[in-house]
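Printed here is data00.tsv (TSV, C-alpha atoms and all ligand atoms):
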```
chain	number	residue	atom	x	y	z
P	1	MET	CA	-17.06	-0.44	3.34
P	2	GLY	CA	-15.71	3.10	3.01
P	3	GLN	CA	-17.57	6.28	2.32
P	4	ILE	CA	-15.92	7.31	-0.97
P	5	VAL	CA	-17.46	4.66	-3.22
P	6	PRO	CA	-21.13	3.87	-2.52
P	7	ASP	CA	-21.65	0.44	-0.87
P	8	LEU	CA	-23.65	-0.94	-3.81
P	9	VAL	CA	-20.83	-0.06	-6.23
P	10	GLU	CA	-18.22	-1.58	-3.88
P	11	ARG	CA	-20.30	-4.78	-3.70
P	12	TYR	CA	-20.64	-4.84	-7.48
P	13	LEU	CA	-16.87	-4.46	-7.95
P	14	SER	CA	-16.29	-7.11	-5.31
P	15	GLY	CA	-18.64	-9.50	-7.15
P	16	LEU	CA	-16.66	-9.03	-10.36
P	17	ASN	CA	-13.31	-9.74	-8.72
P	18	HIS	CA	-12.51	-13.48	-8.80
P	19	GLN	CA	-8.78	-13.16	-8.20
P	20	ALA	CA	-8.59	-13.71	-4.43
P	21	ASN	CA	-7.64	-17.28	-3.53
P	22	ALA	CA	-8.54	-19.15	-0.32
P	23	VAL	CA	-5.38	-17.95	1.49
P	24	LEU	CA	-6.15	-14.28	0.72
P	25	VAL	CA	-9.79	-14.71	1.79
P	26	GLU	CA	-8.67	-16.26	5.09
P	27	ILE	CA	-6.08	-13.51	5.76
P	28	ALA	CA	-8.66	-10.79	5.00
P	29	ARG	CA	-11.03	-12.46	7.49
P	30	ALA	CA	-8.28	-12.65	10.15
P	31	GLY	CA	-7.43	-8.99	9.52
P	32	ALA	CA	-11.06	-7.92	9.90
P	33	GLU	CA	-11.35	-9.86	13.17
P	34	ARG	CA	-8.32	-7.98	14.50
P	35	ASP	CA	-9.57	-4.69	13.08
P	36	LEU	CA	-6.43	-4.25	10.95
P	37	PRO	CA	-6.57	-1.59	8.22
P	38	LEU	CA	-5.73	-3.85	5.26
P	39	VAL	CA	-6.45	-2.98	1.63
P	40	ASP	CA	-9.45	-4.79	0.20
P	41	ALA	CA	-9.44	-7.28	-2.68
P	42	GLU	CA	-10.20	-4.57	-5.25
P	43	VAL	CA	-7.13	-2.54	-4.24
P	44	GLY	CA	-5.24	-5.84	-4.07
P	45	ALA	CA	-6.20	-6.58	-7.67
P	46	LEU	CA	-5.12	-3.04	-8.66
P	47	LEU	CA	-1.71	-3.62	-7.03
P	48	ARG	CA	-1.31	-6.89	-8.90
P	49	VAL	CA	-2.28	-5.32	-12.24
P	50	LEU	CA	0.17	-2.45	-11.72
P	51	ALA	CA	3.01	-4.78	-10.75
P	52	LEU	CA	2.34	-6.95	-13.81
P	53	ALA	CA	2.04	-3.87	-16.06
P	54	VAL	CA	5.53	-2.65	-15.17
P	55	ARG	CA	6.90	-6.24	-15.18
P	56	ALA	CA	8.05	-5.70	-11.61
P	57	ARG	CA	10.98	-7.80	-10.43
P	58	ARG	CA	11.82	-5.74	-7.34
P	59	ILE	CA	9.04	-4.32	-5.16
P	60	LEU	CA	9.27	-2.40	-1.87
P	61	GLU	CA	6.30	-2.15	0.48
P	62	ILE	CA	6.16	0.14	3.51
P	63	GLY	CA	3.61	-1.24	6.01
P	64	THR	CA	3.26	-5.03	5.79
P	65	ALA	CA	0.70	-5.62	8.56
P	66	ILE	CA	0.02	-9.39	8.16
P	67	GLY	CA	1.03	-9.67	4.51
P	68	TYR	CA	-2.31	-9.25	2.72
P	69	SER	CA	-1.33	-6.55	0.20
P	70	GLY	CA	2.13	-8.12	0.03
P	71	ILE	CA	0.64	-11.38	-1.26
P	72	TRP	CA	-1.22	-9.48	-4.00
P	73	LEU	CA	2.07	-7.82	-4.98
P	74	ALA	CA	4.37	-10.83	-4.65
P	75	GLY	CA	1.95	-12.92	-6.71
P	76	ALA	CA	2.86	-10.73	-9.69
P	77	LEU	CA	6.59	-11.42	-9.37
P	78	PRO	CA	8.55	-13.90	-11.49
P	79	PRO	CA	10.23	-16.72	-9.50
P	80	ASP	CA	13.49	-14.74	-9.26
P	81	GLY	CA	11.70	-11.51	-8.28
P	82	MET	CA	11.61	-10.09	-4.78
P	83	LEU	CA	9.32	-8.14	-2.49
P	84	MET	CA	10.94	-6.36	0.44
P	85	THR	CA	8.27	-5.33	2.93
P	86	MET	CA	8.77	-3.34	6.14
P	87	GLU	CA	6.84	-3.66	9.39
P	88	MET	CA	7.63	-2.40	12.89
P	89	ASP	CA	5.15	-4.49	14.91
P	90	PRO	CA	6.92	-7.79	15.85
P	91	GLU	CA	3.70	-9.81	16.17
P	92	ARG	CA	2.55	-8.67	12.71
P	93	VAL	CA	5.99	-9.51	11.32
P	94	ARG	CA	5.57	-13.09	12.59
P	95	ALA	CA	2.05	-13.37	11.20
P	96	ALA	CA	3.14	-11.94	7.83
P	97	ARG	CA	6.04	-14.40	7.49
P	98	ALA	CA	3.67	-17.30	8.23
P	99	ASN	CA	1.16	-15.95	5.70
P	100	PHE	CA	3.79	-15.61	2.94
P	101	GLU	CA	4.71	-19.27	3.64
P	102	ARG	CA	1.06	-20.33	3.39
P	103	ALA	CA	0.74	-18.44	0.11
P	104	GLY	CA	3.80	-20.26	-1.29
P	105	LEU	CA	5.64	-16.95	-1.79
P	106	ALA	CA	8.19	-16.98	1.03
P	107	ASP	CA	11.03	-17.66	-1.43
P	108	ARG	CA	10.59	-14.21	-2.98
P	109	VAL	CA	9.58	-12.14	0.06
P	110	SER	CA	11.76	-10.55	2.71
P	111	VAL	CA	9.87	-9.12	5.70
P	112	VAL	CA	12.14	-6.51	7.24
P	113	ALA	CA	11.33	-5.95	10.92
P	114	GLY	CA	11.75	-2.45	12.30
P	115	ASP	CA	11.10	1.23	11.67
P	116	ALA	CA	10.80	1.97	7.95
P	117	GLN	CA	12.00	5.53	8.48
P	118	ARG	CA	15.35	4.21	9.65
P	119	MET	CA	15.61	1.15	7.41
P	120	ILE	CA	14.70	2.82	4.13
P	121	ALA	CA	17.96	4.81	4.30
P	122	LYS	CA	19.92	1.53	4.11
P	123	VAL	CA	17.99	-0.12	1.29
P	124	ALA	CA	19.56	-0.30	-2.16
P	125	GLY	CA	17.40	0.49	-5.18
P	126	PRO	CA	16.25	0.60	-7.82
P	127	PHE	CA	12.72	-0.76	-7.35
P	128	ASP	CA	10.13	-1.19	-10.10
P	129	LEU	CA	7.24	-0.48	-7.75
P	130	ILE	CA	6.98	0.95	-4.24
P	131	PHE	CA	3.75	0.60	-2.25
P	132	GLN	CA	3.48	3.23	0.49
P	133	ASP	CA	0.97	2.07	3.12
P	134	GLY	CA	2.79	2.78	6.38
P	135	ALA	CA	2.28	5.51	8.98
P	136	LYS	CA	0.52	8.49	7.42
P	137	GLU	CA	2.74	11.06	9.17
P	138	LEU	CA	5.71	9.46	7.39
P	139	TYR	CA	4.32	9.86	3.88
P	140	VAL	CA	5.88	13.34	3.43
P	141	PRO	CA	9.21	12.62	5.22
P	142	LEU	CA	9.73	9.46	3.11
P	143	LEU	CA	8.62	10.88	-0.25
P	144	GLU	CA	12.03	11.99	-1.55
P	145	ARG	CA	13.66	8.70	-0.54
P	146	THR	CA	10.97	6.61	-2.23
P	147	VAL	CA	11.31	8.62	-5.46
P	148	GLU	CA	15.09	8.17	-5.28
P	149	LEU	CA	14.67	4.39	-4.91
P	150	LEU	CA	12.41	4.05	-7.97
P	151	ARG	CA	13.72	3.33	-11.44
P	152	PRO	CA	12.60	5.70	-14.21
P	153	GLY	CA	9.23	4.35	-15.37
P	154	GLY	CA	8.68	2.75	-11.96
P	155	LEU	CA	5.53	3.27	-9.91
P	156	LEU	CA	4.96	4.79	-6.48
P	157	VAL	CA	1.54	3.60	-5.32
P	158	THR	CA	0.11	5.24	-2.19
P	159	ASP	CA	-2.92	4.05	-0.23
P	160	ASN	CA	-5.39	6.10	1.83
P	161	VAL	CA	-4.86	9.38	-0.01
P	162	LEU	CA	-8.56	10.31	0.37
P	163	TRP	CA	-8.59	9.25	4.05
P	164	ASN	CA	-12.27	8.39	4.18
P	165	GLY	CA	-12.98	11.70	2.44
P	166	GLU	CA	-11.58	13.72	5.35
P	167	VAL	CA	-8.91	15.42	3.20
P	168	VAL	CA	-11.72	16.90	1.09
P	169	PRO	CA	-12.86	20.16	2.70
P	170	GLY	CA	-16.53	19.98	3.68
P	171	PHE	CA	-17.06	16.34	2.60
P	172	VAL	CA	-17.26	14.81	6.09
P	173	PRO	CA	-19.51	16.80	8.48
P	174	ALA	CA	-18.02	15.23	11.65
P	175	PRO	CA	-14.44	14.04	10.98
P	176	GLN	CA	-13.48	10.91	12.92
P	177	ARG	CA	-9.84	10.53	12.01
P	178	ASP	CA	-6.77	11.99	13.67
P	179	ALA	CA	-6.48	15.62	12.50
P	180	ALA	CA	-2.66	15.49	12.32
P	181	GLU	CA	-2.83	12.44	10.04
P	182	THR	CA	-5.44	14.16	7.87
P	183	ARG	CA	-3.17	17.23	7.50
P	184	ALA	CA	-0.20	14.96	6.74
P	185	ILE	CA	-2.07	13.22	3.91
P	186	ALA	CA	-3.38	16.51	2.50
P	187	GLU	CA	0.17	17.87	2.41
P	188	TYR	CA	1.44	14.64	0.83
P	189	ASN	CA	-1.20	14.86	-1.91
P	190	GLU	CA	-0.07	18.40	-2.75
P	191	ARG	CA	3.60	17.41	-2.88
P	192	LEU	CA	2.99	14.20	-4.79
P	193	ASN	CA	0.94	15.92	-7.47
P	194	ARG	CA	3.49	18.75	-7.90
P	195	HIS	CA	6.59	16.55	-7.73
P	196	PRO	CA	8.83	17.35	-10.74
P	197	GLN	CA	9.91	13.72	-11.17
P	198	LEU	CA	6.44	12.18	-10.88
P	199	VAL	CA	3.27	12.08	-12.96
P	200	THR	CA	0.36	11.19	-10.66
P	201	ALA	CA	-3.25	10.12	-11.05
P	202	THR	CA	-5.53	9.29	-8.13
P	203	VAL	CA	-8.09	6.50	-8.26
P	204	PRO	CA	-10.99	7.06	-5.81
P	205	LEU	CA	-11.21	3.32	-5.10
P	206	ARG	CA	-11.88	2.34	-1.47
P	207	ASP	CA	-9.86	4.91	0.57
P	208	GLY	CA	-8.16	6.50	-2.48
P	209	VAL	CA	-5.07	5.16	-4.25
P	210	ALA	CA	-2.52	7.50	-5.86
P	211	ILE	CA	-0.52	6.06	-8.73
P	212	SER	CA	2.64	7.96	-9.65
P	213	VAL	CA	5.06	7.10	-12.41
P	214	LYS	CA	8.65	8.33	-12.20
P	215	ARG	CA	9.72	10.28	-15.28
V	301	LIG	C1	-2.27	0.19	6.88
V	301	LIG	S1	-1.31	-1.01	7.66
V	301	LIG	C2	-0.64	-1.93	6.32
V	301	LIG	C3	-1.65	-2.80	5.64
V	301	LIG	C4	-1.08	-3.68	4.56
V	301	LIG	N1	-0.33	-2.92	3.58
V	301	LIG	C5	-2.19	-4.42	3.84
V	301	LIG	O1	-3.00	-3.74	3.18
V	301	LIG	O2	-2.25	-5.65	3.95
V	301	LIG	C6	0.10	-0.07	8.16
V	301	LIG	C7	1.18	-0.89	8.83
V	301	LIG	O3	2.35	-0.07	8.90
V	301	LIG	C8	3.01	-0.37	10.10
V	301	LIG	N2	3.87	0.79	10.42
V	301	LIG	C9	3.52	1.99	10.92
V	301	LIG	N3	4.57	2.79	11.06
V	301	LIG	C10	5.65	2.08	10.64
V	301	LIG	C11	7.04	2.35	10.56
V	301	LIG	N4	7.55	3.55	10.93
V	301	LIG	N5	7.86	1.39	10.11
V	301	LIG	C12	7.37	0.17	9.73
V	301	LIG	N6	6.06	-0.15	9.78
V	301	LIG	C13	5.22	0.79	10.24
V	301	LIG	C14	1.89	-0.60	11.11
V	301	LIG	O4	2.33	-1.36	12.21
V	301	LIG	C15	0.84	-1.29	10.24
V	301	LIG	O5	0.91	-2.69	10.38
```

Take the structure I supplied and represent it as structure tokens, if you would.
Amino acid sequence: MGQIVPDLVERYLSGLNHQANAVLVEIARAGAERDLPLVDAEVGALLRVLALAVRARRILEIGTAIGYSGIWLAGALPPDGMLMTMEMDPERVRAARANFERAGLADRVSVVAGDAQRMIAKVAGPFDLIFQDGAKELYVPLLERTVELLRPGGLLVTDNVLWNGEVVPGFVPAPQRDAAETRAIAEYNERLNRHPQLVTATVPLRDGVAISVKR
């Protein structure tokens, strides 16, 4: 549980969400055991709704981990759609590929192994939706490239924009998170919300999700 939404409200939302299947439940459990910072099922459902709403056929994800959010996204794709998802940790890449197989989605998912900062320069757009959930210090350096890769009307969805409340001055009495990452997210939020090609709204769900549509 995070500290943005009260635990009782998070549990209520969780009780209403019947979309996670057995594979997703098992991957979430494996992620929790390994202390991996995966989105939860409520953010997963939001990703799926957004991908369906824009009729996404091509999705890019930065930060695969073991494929949990990727399965929520890829589940919204038509059979000829594709999710390209980037991850630099080789063991997580292996686990993610196995999980996409288990979820029956491997035919529409490409897990790209390596540093997203380098690889994103080589990717060809346009994408209908980009999910930014990689290293927080890369949010600002990758912003212009992600906007460039989106089609007009496409969505840039960014996780962790409230960073456990630590980007909000005075909200957390004893901050726990890395101060450089907190500054990086605060700067990203400013740039995202002032970006001339984007219209952004932030949903204070879990750790904060920013949803930006490209003009
Ligand atoms: C927050 S986790 C992703 C969680 C995943 N989106 C989910 O909710 O299921 C961030 C991931 O980004 C990866 N990562 C960090 N920096 C990266 C980089 N420069 N290139 C590619 N992956 C990176 C980390 O190894 C980590 O697995």

Might you pull out every residue within 8 Å of Gly70 of chain P, with all atoms listed in the file counted and same-chain residues fewer than 3 positions away left off, and present them as a PDB file with C-alpha atoms, keeping the file's coordinate frame?
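This is the output file around24.pdb:
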```
ATOM      1  CA  GLU P  61       6.300  -2.150   0.480  1.00  0.00           C
ATOM      2  CA  THR P  64       3.260  -5.030   5.790  1.00  0.00           C
ATOM      3  CA  GLY P  67       1.030  -9.670   4.510  1.00  0.00           C
ATOM      4  CA  LEU P  73       2.070  -7.820  -4.980  1.00  0.00           C
ATOM      5  CA  ALA P  74       4.370 -10.830  -4.650  1.00  0.00           C
ATOM      6  CA  LEU P  83       9.320  -8.140  -2.490  1.00  0.00           C
ATOM      7  CA  THR P  85       8.270  -5.330   2.930  1.00  0.00           C
TER       8      THR P  85
END
```

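Shell of Pro78 of chain P at 9 Å, with only C-alpha atoms counted and residues fewer than 2 places along the chain excluded, is P:Arg55, P:Ala56, P:Arg57, P:Ala74, P:Gly75, P:Ala76, P:Asp80, P:Gly81, P:Met82, P:Arg108.
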
Which residues, protein or nucleic acid, reach to within 10 Å of (8.2, 10.6, -0.3) in the file's coordinates when using all atoms listed in the file, and can you give that as a CSV table (one decimal) with C-alpha atoms, in the frame of the given file?
```csv
chain,number,residue,atom,x,y,z
P,132,GLN,CA,3.5,3.2,0.5
P,138,LEU,CA,5.7,9.5,7.4
P,139,TYR,CA,4.3,9.9,3.9
P,140,VAL,CA,5.9,13.3,3.4
P,141,PRO,CA,9.2,12.6,5.2
P,142,LEU,CA,9.7,9.5,3.1
P,143,LEU,CA,8.6,10.9,-0.2
P,144,GLU,CA,12.0,12.0,-1.6
P,145,ARG,CA,13.7,8.7,-0.5
P,146,THR,CA,11.0,6.6,-2.2
P,147,VAL,CA,11.3,8.6,-5.5
P,148,GLU,CA,15.1,8.2,-5.3
P,156,LEU,CA,5.0,4.8,-6.5
P,158,THR,CA,0.1,5.2,-2.2
P,188,TYR,CA,1.4,14.6,0.8
P,191,ARG,CA,3.6,17.4,-2.9
P,192,LEU,CA,3.0,14.2,-4.8
P,195,HIS,CA,6.6,16.6,-7.7
```

Can I get the residues of chain P within 9 Å of ligand LIG 301 (chain V), each with the closest pair of atoms and their distance in Å to one decimal, using all atoms listed in the file, sorted chain first then ascending number, as a Markdown table?
```
| residue | atom | partner | partner_atom | distance |
| --- | --- | --- | --- | --- |
| P:Ile27 | CA | V:LIG301 | O2 | 8.9 |
| P:Ala28 | CA | V:LIG301 | O2 | 8.3 |
| P:Gly31 | CA | V:LIG301 | O2 | 8.3 |
| P:Leu36 | CA | V:LIG301 | S1 | 6.9 |
| P:Pro37 | CA | V:LIG301 | C1 | 4.8 |
| P:Leu38 | CA | V:LIG301 | O1 | 3.4 |
| P:Val39 | CA | V:LIG301 | O1 | 3.9 |
| P:Asp40 | CA | V:LIG301 | O1 | 7.2 |
| P:Val43 | CA | V:LIG301 | O1 | 8.6 |
| P:Gly44 | CA | V:LIG301 | O1 | 7.9 |
| P:Glu61 | CA | V:LIG301 | N1 | 7.4 |
| P:Ile62 | CA | V:LIG301 | N6 | 6.3 |
| P:Gly63 | CA | V:LIG301 | O3 | 3.4 |
| P:Thr64 | CA | V:LIG301 | C4 | 4.7 |
| P:Ala65 | CA | V:LIG301 | O5 | 3.5 |
| P:Ile66 | CA | V:LIG301 | O2 | 6.1 |
| P:Gly67 | CA | V:LIG301 | O2 | 5.2 |
| P:Tyr68 | CA | V:LIG301 | O2 | 3.8 |
| P:Ser69 | CA | V:LIG301 | O2 | 4.0 |
| P:Gly70 | CA | V:LIG301 | O2 | 6.4 |
| P:Ile71 | CA | V:LIG301 | O2 | 8.3 |
| P:Trp72 | CA | V:LIG301 | O2 | 8.9 |
| P:Thr85 | CA | V:LIG301 | C12 | 8.8 |
| P:Met86 | CA | V:LIG301 | C12 | 5.2 |
| P:Glu87 | CA | V:LIG301 | N6 | 3.6 |
| P:Met88 | CA | V:LIG301 | C12 | 4.1 |
| P:Asp89 | CA | V:LIG301 | O4 | 5.0 |
| P:Pro90 | CA | V:LIG301 | O4 | 8.7 |
| P:Arg92 | CA | V:LIG301 | O5 | 6.6 |
| P:Val93 | CA | V:LIG301 | O5 | 8.6 |
| P:Val112 | CA | V:LIG301 | C12 | 8.6 |
| P:Ala113 | CA | V:LIG301 | C12 | 7.4 |
| P:Gly114 | CA | V:LIG301 | C12 | 5.7 |
| P:Asp115 | CA | V:LIG301 | N5 | 3.6 |
| P:Ala116 | CA | V:LIG301 | N5 | 3.7 |
| P:Gln117 | CA | V:LIG301 | N4 | 5.5 |
| P:Arg118 | CA | V:LIG301 | N4 | 7.9 |
| P:Met119 | CA | V:LIG301 | N5 | 8.2 |
| P:Phe131 | CA | V:LIG301 | N1 | 7.9 |
| P:Gln132 | CA | V:LIG301 | N1 | 7.9 |
| P:Asp133 | CA | V:LIG301 | N1 | 5.2 |
| P:Gly134 | CA | V:LIG301 | O3 | 3.8 |
| P:Ala135 | CA | V:LIG301 | N3 | 4.1 |
| P:Lys136 | CA | V:LIG301 | N3 | 7.9 |
| P:Glu137 | CA | V:LIG301 | N3 | 8.7 |
| P:Leu138 | CA | V:LIG301 | N4 | 7.1 |
| P:Asp159 | CA | V:LIG301 | C1 | 8.1 |
| P:Asn160 | CA | V:LIG301 | C1 | 8.4 |
```

Exercise. Between atom CA of Leu162 of chain P and atom CA of Ile120 of chain P, what is the spacing in Å?
Worked result: 24.7 Å

Problem set entry | Straight-line distance linking atom CA of Pro173 of chain P with atom CA of Thr202 of chain P, stated in Å to one decimal |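 About the pair atom CA of Pro173 of chain P and atom CA of Thr202 of chain P: they are 23.0 Å apart.
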
For this session: Quote the spacing between atom CA of Val123 of chain P and atom CA of Arg151 of chain P in Å to one decimal place.
Result: 13.9 Å

Exercise. Nearest to Ala201 of chain P among P:Ala51, P:Val161, P:Leu129, P:Leu105, with distances taken over all atoms listed in the file: which residue is it?
Worked result: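 Between P:Ala51, P:Val161, P:Leu129, P:Leu105, the residue approaching Ala201 of chain P most closely is P:Val161.
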
For this session: Tell me which protein, DNA and RNA residues are within 9 Å of Trp163 of chain P, counting all atoms listed in the file, leaving out same-chain ones fewer than 3 positions away, and put them as a VMD selection string.
Result: chain P and resid 159 to 160 166 to 168 177 181 to 182 185 207 to 208

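Proximity of P:Leu60, P:Val109, P:Leu50, P:Ala186 to Ser212 of chain P, computed with only C-alpha atoms, is greatest for P:Leu50.
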
Exercise. With distances taken over only C-alpha atoms, which of P:Val209, P:Ala180, P:Ala22, P:Arg194 is nearest to Glu42 of chain P?
Worked result: P:Val209

Problem set entry | For Pro6 of chain P, the nearest of the candidates P:Ile59, P:Val49, P:Ala174, P:Leu205, counting all atoms listed in the file |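 Ranked by minimum distance to Pro6 of chain P, first place goes to P:Leu205.
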
Problem set entry | Shell around Val54 of chain P at 8 Å using only C-alpha atoms, local window under 6 positions removed, as number ranges by chain | P: 128-129, 153-155

Enclose all atoms of segment 16-31 of chain P listed in the file in an axis-aligned box, grow every side by 3 Å, and hand back centre and edge lengths in Å to one decimal, as JSON.
```
{"center_x": -11.0, "center_y": -14.1, "center_z": -0.1, "size_x": 17.3, "size_y": 16.2, "size_z": 26.5}
```

Seminar exercise, completed: Restricting to all atoms listed in the file, whichever of P:Arg48, P:Ala41, P:Gln3, P:Val23 is closest to Phe100 of chain P is P:Val23

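Proximity to Val213 of chain P was assessed for P:Ala96, P:Ala45, P:Ala53, P:Ala121 counting only C-alpha atoms; the smallest distance is recorded for P:Ala53.
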
Problem set entry | Selection: 7 Å around Gly165 of chain P, all atoms listed in the file, excl. self and same-chain fewer than 6 positions, as a PyMOL selection string | chain P and resi 4+171-172
